[in-house]
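**Q** Input structure: my_file.cif, which contains mmCIF, C-alpha atoms and all ligand atoms.
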```
data_structure
loop_
_atom_site.label_atom_id
_atom_site.label_comp_id
_atom_site.auth_asym_id
_atom_site.auth_seq_id
_atom_site.Cartn_x
_atom_site.Cartn_y
_atom_site.Cartn_z
CA MET A 1 5.76 16.63 -0.38
CA ASP A 2 7.00 15.07 2.81
CA HIS A 3 8.33 16.14 6.17
CA PHE A 4 11.83 14.73 5.62
CA LEU A 5 13.73 17.88 4.80
CA TYR A 6 17.26 19.23 5.13
CA ARG A 7 17.84 22.02 7.63
CA ASN A 8 21.40 23.29 7.88
CA GLU A 9 22.57 20.35 5.77
CA ARG A 10 21.10 17.74 8.14
CA LEU A 11 18.00 15.76 7.34
CA PHE A 12 15.09 16.18 9.73
CA ALA A 13 11.90 14.19 10.07
CA GLU A 14 9.48 16.76 11.48
CA ASP A 15 11.57 18.08 14.41
CA CYS A 16 13.82 15.03 14.80
CA ASP A 17 17.33 14.71 13.42
CA VAL A 18 17.43 11.63 11.18
CA GLU A 19 21.12 10.83 11.84
CA GLN A 20 20.53 11.00 15.59
CA LEU A 21 17.54 8.66 15.28
CA ALA A 22 19.70 6.23 13.30
CA LYS A 23 22.27 6.30 16.09
CA ASP A 24 19.61 5.91 18.78
CA TYR A 25 17.71 3.04 17.17
CA GLY A 26 20.34 1.42 14.93
CA THR A 27 20.13 0.66 11.23
CA PRO A 28 18.59 -0.49 8.99
CA LEU A 29 15.62 1.52 10.16
CA TYR A 30 12.25 2.64 8.86
CA LEU A 31 11.16 6.14 9.91
CA TYR A 32 7.60 7.39 9.46
CA SER A 33 6.18 10.87 9.91
CA ARG A 34 2.81 11.13 11.63
CA ALA A 35 2.21 14.66 10.32
CA THR A 36 2.77 13.52 6.73
CA LEU A 37 0.47 10.52 7.07
CA GLU A 38 -2.22 12.76 8.47
CA ARG A 39 -1.73 15.43 5.81
CA HIS A 40 -1.94 12.89 2.99
CA TRP A 41 -5.07 11.27 4.43
CA HIS A 42 -6.76 14.66 4.84
CA ALA A 43 -5.75 15.64 1.28
CA PHE A 44 -7.72 12.63 0.02
CA ASP A 45 -10.63 13.02 2.39
CA SER A 46 -11.11 16.73 1.79
CA ALA A 47 -10.81 16.27 -1.99
CA VAL A 48 -14.14 14.37 -1.91
CA SER A 49 -15.72 16.18 1.01
CA SER A 50 -18.60 17.43 -1.15
CA HIS A 51 -19.80 13.87 -1.78
CA PRO A 52 -20.68 10.88 0.46
CA HIS A 53 -17.51 8.81 0.62
CA LEU A 54 -15.15 6.70 2.70
CA ILE A 55 -11.37 6.53 2.48
CA CYS A 56 -10.37 2.89 3.03
CA TYR A 57 -6.58 2.99 3.38
CA ALA A 58 -4.96 -0.06 1.70
CA VAL A 59 -3.31 -1.80 4.64
CA LYS A 60 -0.86 -3.73 2.45
CA ALA A 61 1.08 -0.52 1.78
CA ASN A 62 2.12 -0.17 5.42
CA SER A 63 0.48 -2.23 8.14
CA ASN A 64 2.48 -1.06 11.14
CA LEU A 65 0.02 -0.82 14.06
CA ALA A 66 1.01 2.76 14.86
CA VAL A 67 0.43 3.78 11.23
CA LEU A 68 -3.00 2.11 11.24
CA ASN A 69 -3.78 3.71 14.59
CA VAL A 70 -2.92 7.21 13.34
CA LEU A 71 -5.33 6.69 10.44
CA ALA A 72 -8.03 5.03 12.59
CA ARG A 73 -8.01 8.10 14.85
CA LEU A 74 -8.77 10.23 11.78
CA GLY A 75 -11.82 8.04 11.11
CA SER A 76 -10.30 6.16 8.20
CA GLY A 77 -11.69 2.95 6.81
CA PHE A 78 -9.39 0.14 5.70
CA ASP A 79 -8.98 -2.06 2.65
CA ILE A 80 -7.68 -5.46 3.73
CA VAL A 81 -6.60 -8.55 1.79
CA SER A 82 -6.17 -11.14 4.54
CA GLY A 83 -7.27 -12.23 7.98
CA GLY A 84 -3.89 -11.06 9.19
CA GLU A 85 -4.56 -7.53 7.97
CA LEU A 86 -8.01 -7.59 9.58
CA SER A 87 -6.56 -8.57 12.93
CA ARG A 88 -4.01 -5.75 12.64
CA VAL A 89 -6.75 -3.23 11.88
CA LEU A 90 -8.70 -4.38 14.93
CA ALA A 91 -5.60 -4.34 17.14
CA ALA A 92 -4.91 -0.78 15.97
CA GLY A 93 -8.41 0.40 16.93
CA GLY A 94 -9.87 0.43 13.40
CA ASP A 95 -13.65 0.27 13.01
CA PRO A 96 -14.67 -3.07 11.40
CA ALA A 97 -17.78 -1.37 10.01
CA LYS A 98 -15.42 0.63 7.77
CA VAL A 99 -13.46 -2.37 6.42
CA VAL A 100 -13.62 -3.67 2.86
CA PHE A 101 -12.08 -7.07 2.15
CA SER A 102 -10.38 -7.40 -1.27
CA GLY A 103 -8.36 -10.23 -2.82
CA VAL A 104 -8.84 -13.18 -5.17
CA GLY A 105 -8.22 -15.96 -2.68
CA LYS A 106 -10.16 -15.52 0.56
CA THR A 107 -10.23 -18.69 2.67
CA VAL A 108 -13.18 -20.03 4.68
CA ALA A 109 -11.40 -19.09 7.91
CA GLU A 110 -10.91 -15.52 6.65
CA MET A 111 -14.57 -15.28 5.59
CA GLU A 112 -15.67 -16.49 9.03
CA LEU A 113 -13.43 -14.02 10.81
CA ALA A 114 -14.67 -11.12 8.68
CA LEU A 115 -18.34 -12.12 9.06
CA ASN A 116 -18.03 -12.49 12.81
CA THR A 117 -16.24 -9.15 13.01
CA GLY A 118 -18.97 -7.41 11.01
CA ILE A 119 -17.00 -5.80 8.19
CA MET A 120 -18.60 -3.33 5.80
CA CYS A 121 -18.18 -5.28 2.56
CA PHE A 122 -16.55 -8.24 0.82
CA ASN A 123 -15.15 -7.34 -2.58
CA LEU A 124 -15.73 -10.63 -4.41
CA GLU A 125 -13.62 -11.62 -7.37
CA SER A 126 -15.18 -14.81 -8.80
CA GLY A 127 -18.37 -16.83 -9.09
CA ALA A 128 -16.87 -19.61 -6.98
CA GLU A 129 -16.04 -17.18 -4.18
CA LEU A 130 -19.58 -15.82 -4.27
CA GLU A 131 -21.11 -19.30 -3.81
CA LEU A 132 -18.71 -20.15 -0.99
CA LEU A 133 -19.32 -16.92 0.91
CA ASN A 134 -23.08 -17.51 0.66
CA GLU A 135 -22.59 -20.96 2.21
CA VAL A 136 -20.30 -19.72 4.99
CA ALA A 137 -22.62 -16.80 5.84
CA GLY A 138 -25.61 -19.16 5.88
CA ARG A 139 -23.83 -21.51 8.28
CA LEU A 140 -23.13 -18.57 10.61
CA GLY A 141 -26.69 -17.24 10.31
CA LYS A 142 -25.44 -14.01 8.71
CA LYS A 143 -26.04 -12.02 5.56
CA ALA A 144 -22.78 -10.94 3.91
CA PRO A 145 -22.64 -7.46 2.36
CA VAL A 146 -20.92 -7.84 -0.99
CA SER A 147 -19.56 -5.89 -3.88
CA LEU A 148 -18.26 -7.53 -7.06
CA ARG A 149 -14.86 -6.48 -8.30
CA VAL A 150 -15.13 -6.13 -12.04
CA ASN A 151 -12.13 -6.11 -14.34
CA PRO A 152 -12.75 -3.23 -16.76
CA ASP A 153 -9.94 -4.29 -19.14
CA VAL A 154 -8.07 -0.99 -19.25
CA ASP A 155 -4.33 -0.52 -19.44
CA ALA A 156 -3.15 1.31 -16.32
CA GLY A 157 0.17 2.12 -18.01
CA THR A 158 2.15 1.01 -14.98
CA HIS A 159 4.70 -1.76 -14.27
CA PRO A 160 3.27 -5.10 -15.50
CA TYR A 161 3.65 -6.66 -12.03
CA ILE A 162 1.37 -4.03 -10.46
CA SER A 163 -1.15 -3.66 -13.27
CA THR A 164 -4.41 -5.36 -12.30
CA GLY A 165 -7.14 -4.12 -14.62
CA LEU A 166 -6.35 -5.98 -17.84
CA LYS A 167 -8.27 -9.08 -18.94
CA GLU A 168 -5.10 -11.16 -18.71
CA ASN A 169 -4.57 -10.22 -15.03
CA LYS A 170 -5.96 -12.57 -12.36
CA PHE A 171 -8.06 -9.86 -10.72
CA GLY A 172 -11.79 -9.26 -10.85
CA ILE A 173 -14.70 -10.64 -12.81
CA PRO A 174 -14.65 -10.17 -16.61
CA MET A 175 -17.01 -7.39 -17.66
CA ASP A 176 -19.01 -9.74 -19.90
CA GLU A 177 -19.81 -12.03 -16.94
CA ALA A 178 -20.54 -9.24 -14.48
CA GLU A 179 -24.30 -8.88 -15.02
CA LEU A 180 -24.90 -12.62 -14.70
CA LEU A 181 -22.93 -12.79 -11.47
CA PHE A 182 -24.64 -9.73 -9.98
CA ALA A 183 -27.99 -11.37 -10.75
CA ARG A 184 -26.79 -14.58 -9.10
CA ALA A 185 -25.52 -12.68 -6.03
CA ALA A 186 -28.84 -10.84 -5.75
CA GLU A 187 -30.80 -14.12 -5.61
CA LEU A 188 -28.56 -15.86 -3.04
CA PRO A 189 -30.18 -15.77 0.42
CA HIS A 190 -27.08 -15.03 2.49
CA LEU A 191 -25.59 -12.26 0.35
CA GLU A 192 -26.65 -8.66 0.07
CA VAL A 193 -25.36 -6.78 -2.95
CA THR A 194 -24.31 -3.30 -1.88
CA GLY A 195 -21.55 -2.26 -4.23
CA VAL A 196 -19.46 -2.40 -7.36
CA ASP A 197 -15.68 -2.35 -7.21
CA CYS A 198 -12.68 -2.00 -9.48
CA HIS A 199 -8.96 -1.47 -9.01
CA ILE A 200 -6.85 -1.24 -12.13
CA GLY A 201 -3.31 -1.06 -10.78
CA SER A 202 -0.83 0.81 -8.68
CA GLN A 203 1.46 3.82 -9.20
CA LEU A 204 -0.73 5.35 -11.92
CA THR A 205 0.51 8.76 -12.93
CA GLU A 206 -2.19 9.68 -15.47
CA LEU A 207 -5.93 10.28 -15.03
CA LYS A 208 -7.02 8.70 -18.28
CA PRO A 209 -6.96 5.01 -17.25
CA PHE A 210 -8.97 5.82 -14.11
CA LEU A 211 -11.54 7.68 -16.20
CA ASP A 212 -11.73 4.96 -18.87
CA ALA A 213 -12.41 2.46 -16.10
CA MET A 214 -15.07 4.76 -14.61
CA ASP A 215 -16.87 4.97 -17.97
CA ARG A 216 -17.09 1.20 -18.22
CA MET A 217 -18.05 0.70 -14.59
CA LEU A 218 -20.74 3.41 -14.63
CA ALA A 219 -22.26 1.93 -17.78
CA LEU A 220 -22.43 -1.39 -15.90
CA ILE A 221 -24.02 0.26 -12.86
CA ASP A 222 -26.66 1.81 -15.14
CA ARG A 223 -27.39 -1.57 -16.78
CA LEU A 224 -27.71 -3.17 -13.34
CA ALA A 225 -30.15 -0.46 -12.25
CA ALA A 226 -32.26 -1.22 -15.32
CA GLN A 227 -32.44 -4.83 -14.09
CA GLY A 228 -33.55 -3.71 -10.65
CA ILE A 229 -30.17 -4.26 -8.97
CA VAL A 230 -29.56 -1.12 -6.99
CA ILE A 231 -25.98 -0.32 -6.16
CA GLU A 232 -25.30 1.81 -3.07
CA HIS A 233 -21.58 2.32 -3.33
CA PHE A 234 -18.91 2.43 -6.00
CA ASP A 235 -15.44 1.44 -4.84
CA VAL A 236 -12.99 3.00 -7.29
CA GLY A 237 -9.97 1.20 -5.76
CA GLY A 238 -6.60 2.76 -5.11
CA GLY A 239 -3.64 3.22 -7.40
CA LEU A 240 -2.95 6.95 -7.43
CA GLY A 241 0.80 7.29 -7.96
CA VAL A 242 3.42 9.35 -6.14
CA THR A 243 6.59 11.15 -7.13
CA TYR A 244 9.65 8.93 -6.85
CA ASN A 245 11.69 10.44 -9.66
CA GLY A 246 10.02 13.41 -11.29
CA GLU A 247 6.67 11.74 -12.04
CA THR A 248 3.77 14.20 -11.88
CA PRO A 249 0.71 12.22 -10.73
CA PRO A 250 -2.51 14.21 -10.36
CA HIS A 251 -3.10 15.80 -6.95
CA PRO A 252 -5.97 14.11 -5.04
CA ASP A 253 -8.05 17.27 -5.67
CA VAL A 254 -7.69 16.89 -9.43
CA TYR A 255 -8.23 13.12 -9.30
CA ALA A 256 -11.35 13.45 -7.13
CA ALA A 257 -12.81 16.29 -9.19
CA ALA A 258 -12.46 14.23 -12.37
CA ILE A 259 -14.12 11.23 -10.72
CA LEU A 260 -17.00 13.33 -9.36
CA GLU A 261 -17.52 14.85 -12.79
CA LYS A 262 -17.76 11.37 -14.33
CA LEU A 263 -20.22 10.33 -11.64
CA ASN A 264 -22.50 13.01 -13.03
CA GLY A 265 -24.83 13.28 -10.04
CA ARG A 266 -25.43 9.56 -9.53
CA PRO A 267 -26.23 9.09 -5.83
CA LEU A 268 -23.49 6.54 -5.22
CA LYS A 269 -21.32 6.62 -2.13
CA LEU A 270 -17.68 6.55 -3.28
CA ILE A 271 -15.04 4.36 -1.67
CA PHE A 272 -11.36 5.02 -2.28
CA GLU A 273 -8.59 2.55 -1.42
CA PRO A 274 -5.37 4.59 -1.53
CA GLY A 275 -2.25 2.99 -0.11
CA ARG A 276 0.88 4.43 -1.68
CA ALA A 277 -0.49 7.98 -2.00
CA ILE A 278 -0.88 8.11 1.78
CA ALA A 279 2.14 6.16 3.00
CA ALA A 280 4.98 6.27 0.45
CA ASN A 281 6.26 9.77 1.08
CA ALA A 282 5.47 9.56 4.78
CA GLY A 283 8.41 7.22 5.29
CA VAL A 284 12.12 6.77 4.65
CA PHE A 285 14.52 3.89 5.03
CA VAL A 286 17.80 4.65 6.78
CA THR A 287 20.89 2.54 6.27
CA GLN A 288 24.57 2.88 7.20
CA VAL A 289 27.52 2.48 4.86
CA LEU A 290 29.63 -0.51 5.90
CA TYR A 291 32.31 -0.44 3.21
CA THR A 292 33.08 1.00 -0.16
CA LYS A 293 34.93 -0.92 -2.83
CA ASP A 294 36.10 -0.38 -6.36
CA ASN A 295 35.99 -3.28 -8.81
CA GLY A 296 37.70 -1.88 -11.89
CA ASP A 297 35.21 0.54 -13.38
CA LYS A 298 32.52 0.02 -10.78
CA ARG A 299 32.28 1.56 -7.34
CA PHE A 300 30.12 -0.18 -4.76
CA VAL A 301 28.77 1.41 -1.62
CA ILE A 302 27.93 -1.54 0.62
CA VAL A 303 25.25 -0.68 3.18
CA ASP A 304 23.61 -2.58 6.04
CA GLY A 305 20.14 -2.46 4.43
CA ALA A 306 19.29 -4.90 1.67
CA MET A 307 16.67 -6.34 -0.67
CA ASN A 308 15.14 -8.27 2.23
CA ASP A 309 14.38 -4.89 3.88
CA LEU A 310 13.32 -2.96 0.77
CA ILE A 311 12.65 -5.12 -2.27
CA ARG A 312 11.12 -2.61 -4.69
CA PRO A 313 14.38 -1.78 -6.52
CA SER A 314 15.21 -5.49 -6.98
CA LEU A 315 11.67 -6.63 -7.82
CA TYR A 316 10.41 -3.87 -10.10
CA GLY A 317 13.61 -2.02 -10.98
CA ALA A 318 12.01 0.80 -8.95
CA TRP A 319 14.00 4.02 -8.51
CA GLN A 320 13.95 5.64 -5.09
CA ASN A 321 16.08 8.62 -4.27
CA ILE A 322 19.10 7.99 -2.03
CA ILE A 323 20.58 10.93 -0.15
CA PRO A 324 23.04 11.36 2.71
CA ALA A 325 21.48 11.96 6.14
CA VAL A 326 24.06 14.71 6.60
CA LYS A 327 25.56 16.50 3.63
CA THR A 328 29.31 16.04 3.53
CA ASP A 329 32.31 17.61 1.86
CA ARG A 330 33.26 14.28 0.32
CA ALA A 331 33.41 14.26 -3.45
CA THR A 332 30.46 12.60 -5.14
CA THR A 333 31.16 9.52 -7.22
CA ARG A 334 29.06 7.29 -9.42
CA CYS A 335 28.24 4.12 -7.53
CA ASP A 336 25.86 1.23 -6.96
CA VAL A 337 24.35 1.13 -3.48
CA VAL A 338 24.19 -2.56 -2.57
CA GLY A 339 23.32 -4.63 0.48
CA PRO A 340 24.91 -7.66 2.14
CA VAL A 341 22.48 -10.23 0.65
CA CYS A 342 24.01 -12.91 -1.57
CA GLU A 343 22.18 -12.00 -4.77
CA THR A 344 23.44 -9.95 -7.68
CA GLY A 345 19.98 -8.37 -7.71
CA ASP A 346 20.47 -7.03 -4.20
CA PHE A 347 20.70 -3.30 -4.71
CA LEU A 348 18.93 -0.20 -3.43
CA GLY A 349 20.15 2.02 -6.24
CA LYS A 350 22.31 1.78 -9.33
CA ASP A 351 24.55 4.36 -10.97
CA ARG A 352 23.92 7.04 -8.38
CA GLU A 353 25.99 10.20 -7.96
CA LEU A 354 26.58 10.03 -4.24
CA ALA A 355 28.94 11.26 -1.55
CA ALA A 356 29.25 8.26 0.74
CA GLY A 357 31.96 6.76 2.89
CA SER A 358 32.15 4.09 5.56
CA GLY A 359 30.06 5.01 8.63
CA ASP A 360 27.85 7.53 6.81
CA TYR A 361 24.08 7.22 7.04
CA LEU A 362 22.11 7.15 3.80
CA VAL A 363 18.39 7.72 3.44
CA VAL A 364 16.23 6.00 0.83
CA ARG A 365 13.25 8.23 0.26
CA SER A 366 9.60 7.40 -0.48
CA ALA A 367 9.91 4.15 1.46
CA GLY A 368 6.77 4.38 3.61
CA ALA A 369 4.69 2.20 1.26
CA TYR A 370 5.55 -1.35 0.22
CA GLY A 371 8.78 -1.12 2.20
CA PHE A 372 8.56 -2.89 5.53
CA THR A 373 5.40 -4.80 4.50
CA MET A 374 7.32 -6.55 1.70
CA SER A 375 10.38 -7.26 3.84
CA SER A 376 11.51 -10.79 4.66
CA ASN A 377 14.10 -12.71 6.64
CA TYR A 378 16.03 -13.80 3.55
CA ASN A 379 19.65 -14.61 4.41
CA THR A 380 18.28 -14.94 7.98
CA ARG A 381 18.45 -11.21 8.45
CA PRO A 382 16.34 -9.76 11.28
CA ARG A 383 13.69 -7.35 10.10
CA ALA A 384 14.38 -3.66 10.65
CA ALA A 385 13.00 -1.54 13.47
CA GLU A 386 10.26 1.01 12.75
CA VAL A 387 10.05 4.43 14.38
CA MET A 388 7.20 6.95 14.18
CA VAL A 389 8.23 10.57 14.40
CA ASP A 390 5.57 12.74 16.00
CA GLY A 391 6.65 16.39 16.11
CA ASP A 392 9.79 16.56 18.23
CA LYS A 393 9.28 13.05 19.64
CA ALA A 394 10.17 9.68 18.17
CA HIS A 395 8.46 6.45 19.21
CA LEU A 396 9.87 3.01 18.58
CA VAL A 397 6.77 1.35 17.12
CA ARG A 398 8.34 -1.98 16.22
CA GLU A 399 11.55 -3.35 17.64
CA ARG A 400 14.24 -4.80 15.43
CA GLU A 401 13.84 -8.59 15.38
CA LYS A 402 16.11 -10.48 17.72
CA LEU A 403 18.26 -13.30 16.38
CA SER A 404 16.43 -15.87 18.52
CA GLN A 405 13.12 -14.82 16.94
CA LEU A 406 14.50 -15.93 13.60
CA TRP A 407 14.27 -19.63 14.52
CA GLN A 408 11.47 -19.55 17.09
CA GLY A 409 8.87 -22.26 16.55
CA GLU A 410 11.28 -24.51 14.65
CA GLN A 411 12.19 -27.95 16.04
CA LEU A 412 15.20 -30.22 15.82
CA LEU A 413 14.37 -33.83 14.91
CA PRO A 414 13.76 -36.01 18.00
C1 LIG A 501 -7.57 -4.03 -4.32
C2 LIG A 501 -6.53 -3.01 -4.06
N1 LIG A 501 -6.88 -1.85 -3.50
C3 LIG A 501 -5.99 -0.88 -3.22
C4 LIG A 501 -4.65 -1.04 -3.52
C5 LIG A 501 -3.73 0.07 -3.17
O1 LIG A 501 -3.05 0.52 -4.24
P1 LIG A 501 -2.12 1.83 -4.11
O2 LIG A 501 -1.14 1.57 -3.04
O3 LIG A 501 -1.49 1.88 -5.45
O4 LIG A 501 -3.01 2.97 -3.84
C6 LIG A 501 -4.23 -2.22 -4.14
C7 LIG A 501 -2.84 -2.40 -4.58
O5 LIG A 501 -2.55 -2.13 -5.74
C8 LIG A 501 -5.18 -3.23 -4.39
O6 LIG A 501 -4.82 -4.39 -4.93
N1 LIG A 502 4.14 -3.75 -4.12
C1 LIG A 502 3.93 -2.85 -5.21
C2 LIG A 502 2.54 -2.35 -5.26
C3 LIG A 502 1.56 -3.46 -5.28
C4 LIG A 502 0.22 -2.97 -5.14
C5 LIG A 502 -0.67 -4.02 -4.58
N2 LIG A 502 -1.76 -4.42 -5.43
C6 LIG A 502 4.95 -1.72 -5.19
O1 LIG A 502 5.77 -1.66 -4.36
O2 LIG A 502 4.97 -0.89 -6.02
#
```
Show me the file's structure as structure tokens.
**A**
Amino acid sequence: MDHFLYRNERLFAEDCDVEQLAKDYGTPLYLYSRATLERHWHAFDSAVSSHPHLICYAVKANSNLAVLNVLARLGSGFDIVSGGELSRVLAAGGDPAKVVFSGVGKTVAEMELALNTGIMCFNLESGAELELLNEVAGRLGKKAPVSLRVNPDVDAGTHPYISTGLKENKFGIPMDEAELLFARAAELPHLEVTGVDCHIGSQLTELKPFLDAMDRMLALIDRLAAQGIVIEHFDVGGGLGVTYNGETPPHPDVYAAAILEKLNGRPLKLIFEPGRAIAANAGVFVTQVLYTKDNGDKRFVIVDGAMNDLIRPSLYGAWQNIIPAVKTDRATTRCDVVGPVCETGDFLGKDRELAAGSGDYLVVRSAGAYGFTMSSNYNTRPRAAEVMVDGDKAHLVREREKLSQLWQGEQLLP
């Protein structure tokens, strides 16, 4: 459910008319709904309210400062994967003591920044990273709180590019090395083992892979306890899917209840790292039709938004609904919605039944997660503006890039 709904045939974001916003701010444009972000965050948080927990929103899904600020005000934690994401969280008023740092390739500079900031936990993904963090923390006179991300080797049943919990994926420590590495972490002087972590993939629409992973991780936690390694928190990662095209992922209530049942009374604080479930349906991408053209059997609707703005369709073959901002009397036709980028793979949708003519505004739904954050300047296109709708007000929260910004910092040869 989101707040982008038709009223009298016009699409509204909360109390703002989407077509009017497109005219006011220009296209291509990302629009986010504060009320939807808040509702989704609360849905997660209240689903686990009976148990000690922390929701650490996965910043990579949407790192706009206003989005992070809305969540920080709710008391959210954050899951980051880079120094850049950490500095965004801090700039948005996030609490560093509620930050977990994931990712397979943390640099020394990123470790230093996170240690000096005082984050809650490093989710470590290899033996080499563990040794390096111990060294860096020692040099800074700190003790680093750590959790080891273990790869439980379960099939998340999602797109291969966003599946992370199989042995062949680069993520996490293999289960059969986990105990040895926990023991090593426990004996290192500048590390403090506080947690266990796993994340098996994104856009999961079934409970079973989550629960299979839980079984394996809880068995590990029990074995560690038998060795005297006491785990305080269990980070179950993110990955809960959303509805793009009729998928029926479990509601956070159902997901959380199943996880709590598996936990079976163990006194572990739970950490959740949802990204998409909070942001995807809290945002849309608005684009204007430039031209239409018919090449024999094929009709193309050429819009001003492209794969550089929203890459999910091109990269994963992802399907996101495309609807007119204002319903029209035009006849619908079957068409491909394509952008101006010089790539055959530049499309937002293929074989859609759509009523669209030059000048019309189209809305790509479910674009609040992995939309703007994956955008680029390919074809030297300025990145889109972002607007946050808050009730009957709209705030420009990131300006469209100016052409001069596209070559700033570059030099001609002397
Ligand atoms: C470590 C980690 N945590 C959380 C997430 C967020 O995933 P999602 O947006 O599917 O909830 C990801 C991305 O898949 C991730 O890699
Ligand atoms: N970028 C992916 C999700 C990646 C999740 C990050 N580990 C998507 O749009 O579906």
**Q** May I ask which of the residues A:Gly103, A:Gly77, A:Gly349, A:Gly84 is the closest one to Ile55 in chain A, counting all atoms listed in the file?
**A**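 Comparing A:Gly103, A:Gly77, A:Gly349, A:Gly84 against Ile55 in chain A, the winner is A:Gly77.
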**Q** Taking all atoms listed in the file into account, which residues are within 8 Å of ligand LIG 502 (chain A), as a list in words?
**A** Lys60, Ala61, Tyr161, Ile162, Ser163, Thr164, Gly201, Ser202, Gln203, Gly239, Arg276, Ile311, Arg312, Tyr316, Ala318, Ala369, Tyr370, Gly371 and Met374 of chain A
**Q** Residues within 10 Å of ligand LIG 501 (chain A), counting only C-alpha atoms and all ligand atoms: report them as a PyMOL selection string.
**A** chain A and resi 56-62+78-81+100-104+123+149+161-165+171-172+197-204+235-242+272-280+369-370
**Q** Quick one: everything within 7 Å of Ala144 in chain A, counting all atoms listed in the file, minus sequence neighbours fewer than 3 positions away in the same chain. Send it as a PyMOL selection string.
**A** chain A and resi 115+137+190-192
**Q** Could you state the separation of CA of Thr373 in chain A and CA of Val89 in chain A in Å, given to one decimal place?
**A**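 Between these atoms lies a distance of 14.3 Å.
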**Q** Using all atoms listed in the file, which of A:Ala128, A:Asn134, A:Val301, A:Pro267 sits nearest Arg334 in chain A?
**A**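 When distances to Arg334 in chain A are compared using all atoms listed in the file, the smallest one comes from A:Val301.
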**Q** Expressed in Å to a single decimal, how great is the separation between CA of Cys335 in chain A and CA of Tyr244 in chain A?
**A**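 We find that CA of Cys335 in chain A and CA of Tyr244 in chain A lie 19.2 Å from each other.
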**Q** Identify, on the basis of only C-alpha atoms, every residue whose closest approach to Gly339 in chain A does not exceed 12 Å; exclude the query and any residue fewer than 2 positions from it along the same chain; express the result as a count of residues only.
**A** 35
**Q** Residues within 9 Å of (5.8, 13.8, 7.7), file coordinates, counting all atoms listed in the file: what are they? Give the list as a PDB file with C-alpha atoms, in the frame of the given file.
**A**
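This is the output file part07.pdb:
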```pdb
ATOM      1  CA  MET A   1       5.760  16.630  -0.380  1.00  0.00           C
ATOM      2  CA  ASP A   2       7.000  15.070   2.810  1.00  0.00           C
ATOM      3  CA  HIS A   3       8.330  16.140   6.170  1.00  0.00           C
ATOM      4  CA  PHE A   4      11.830  14.730   5.620  1.00  0.00           C
ATOM      5  CA  ALA A  13      11.900  14.190  10.070  1.00  0.00           C
ATOM      6  CA  GLU A  14       9.480  16.760  11.480  1.00  0.00           C
ATOM      7  CA  TYR A  32       7.600   7.390   9.460  1.00  0.00           C
ATOM      8  CA  SER A  33       6.180  10.870   9.910  1.00  0.00           C
ATOM      9  CA  ARG A  34       2.810  11.130  11.630  1.00  0.00           C
ATOM     10  CA  ALA A  35       2.210  14.660  10.320  1.00  0.00           C
ATOM     11  CA  THR A  36       2.770  13.520   6.730  1.00  0.00           C
ATOM     12  CA  LEU A  37       0.470  10.520   7.070  1.00  0.00           C
ATOM     13  CA  GLU A  38      -2.220  12.760   8.470  1.00  0.00           C
ATOM     14  CA  ARG A  39      -1.730  15.430   5.810  1.00  0.00           C
ATOM     15  CA  ASN A 281       6.260   9.770   1.080  1.00  0.00           C
ATOM     16  CA  ALA A 282       5.470   9.560   4.780  1.00  0.00           C
ATOM     17  CA  GLY A 283       8.410   7.220   5.290  1.00  0.00           C
ATOM     18  CA  VAL A 389       8.230  10.570  14.400  1.00  0.00           C
ATOM     19  CA  ASP A 390       5.570  12.740  16.000  1.00  0.00           C
ATOM     20  CA  GLY A 391       6.650  16.390  16.110  1.00  0.00           C
TER      21      GLY A 391
END
```
**Q** Just the number, please: distance in Å from CA of Ala355 in chain A to CA of Ala325 in chain A, one decimal.
**A**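 The value is 10.7 Å.
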**Q** Tell me, as a PyMOL selection string, which residues lie within 8 Å of range 207-210 of chain A, counting only C-alpha atoms; anything in the same chain fewer than 2 positions away does not count.
**A** chain A and resi 154-157+200+204-205+212-214+250+255
**Q** What does the file look like for those residues with C-alpha atoms, as a compact mmCIF listing (two decimals), keeping the file's coordinate frame?
**A**
```txt
# COMPACT_ATOMS: atom_id res chain seq x y z
CA VAL A 154 -8.07 -0.99 -19.25
CA ASP A 155 -4.33 -0.52 -19.44
CA ALA A 156 -3.15 1.31 -16.32
CA GLY A 157 0.17 2.12 -18.01
CA ILE A 200 -6.85 -1.24 -12.13
CA LEU A 204 -0.73 5.35 -11.92
CA THR A 205 0.51 8.76 -12.93
CA ASP A 212 -11.73 4.96 -18.87
CA ALA A 213 -12.41 2.46 -16.10
CA MET A 214 -15.07 4.76 -14.61
CA PRO A 250 -2.51 14.21 -10.36
CA TYR A 255 -8.23 13.12 -9.30
```
**Q** Just the residues within 10 Å of range 181-188 of chain A, please, counting only C-alpha atoms, with nothing from its chain fewer than 2 positions along; format it as a list in words.
**A**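 Once the nearby chain positions are removed, what remains is Ser126, Gly127, Leu130, Glu131, Asn134, Glu135, Gly138, Lys143, Val146, Ser147, Leu148, Ile173, Asp176, Glu177, Ala178, Glu179, His190, Leu191, Glu192, Val193, Thr194, Gly195, Val196, Leu224, Gln227, Gly228, Ile229 and Val230 of chain A.
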**Q** For range 67-73 of chain A, please output as a count of residues only all residues within 7 Å (counting all atoms listed in the file; exclusion window: fewer than 5 positions along the same chain).
**A** 4
**Q** What are the centre and edge lengths in Å, to one decimal, of the axis-aligned box around all listed atoms of range 68-86 of chain A with 5 Å added on each side, as AutoDock Vina command-line options?
**A**
```
--center_x -7.4 --center_y -1.0 --center_z 8.3 --size_x 18.9 --size_y 32.5 --size_z 23.1
```
**Q** Have a look at A:Arg383, A:His53, A:Arg7, A:His159 and name the one nearest to Leu268 in chain A; count only C-alpha atoms.
**A**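 Using only C-alpha atoms, the shortest distance to Leu268 in chain A belongs to A:His53.
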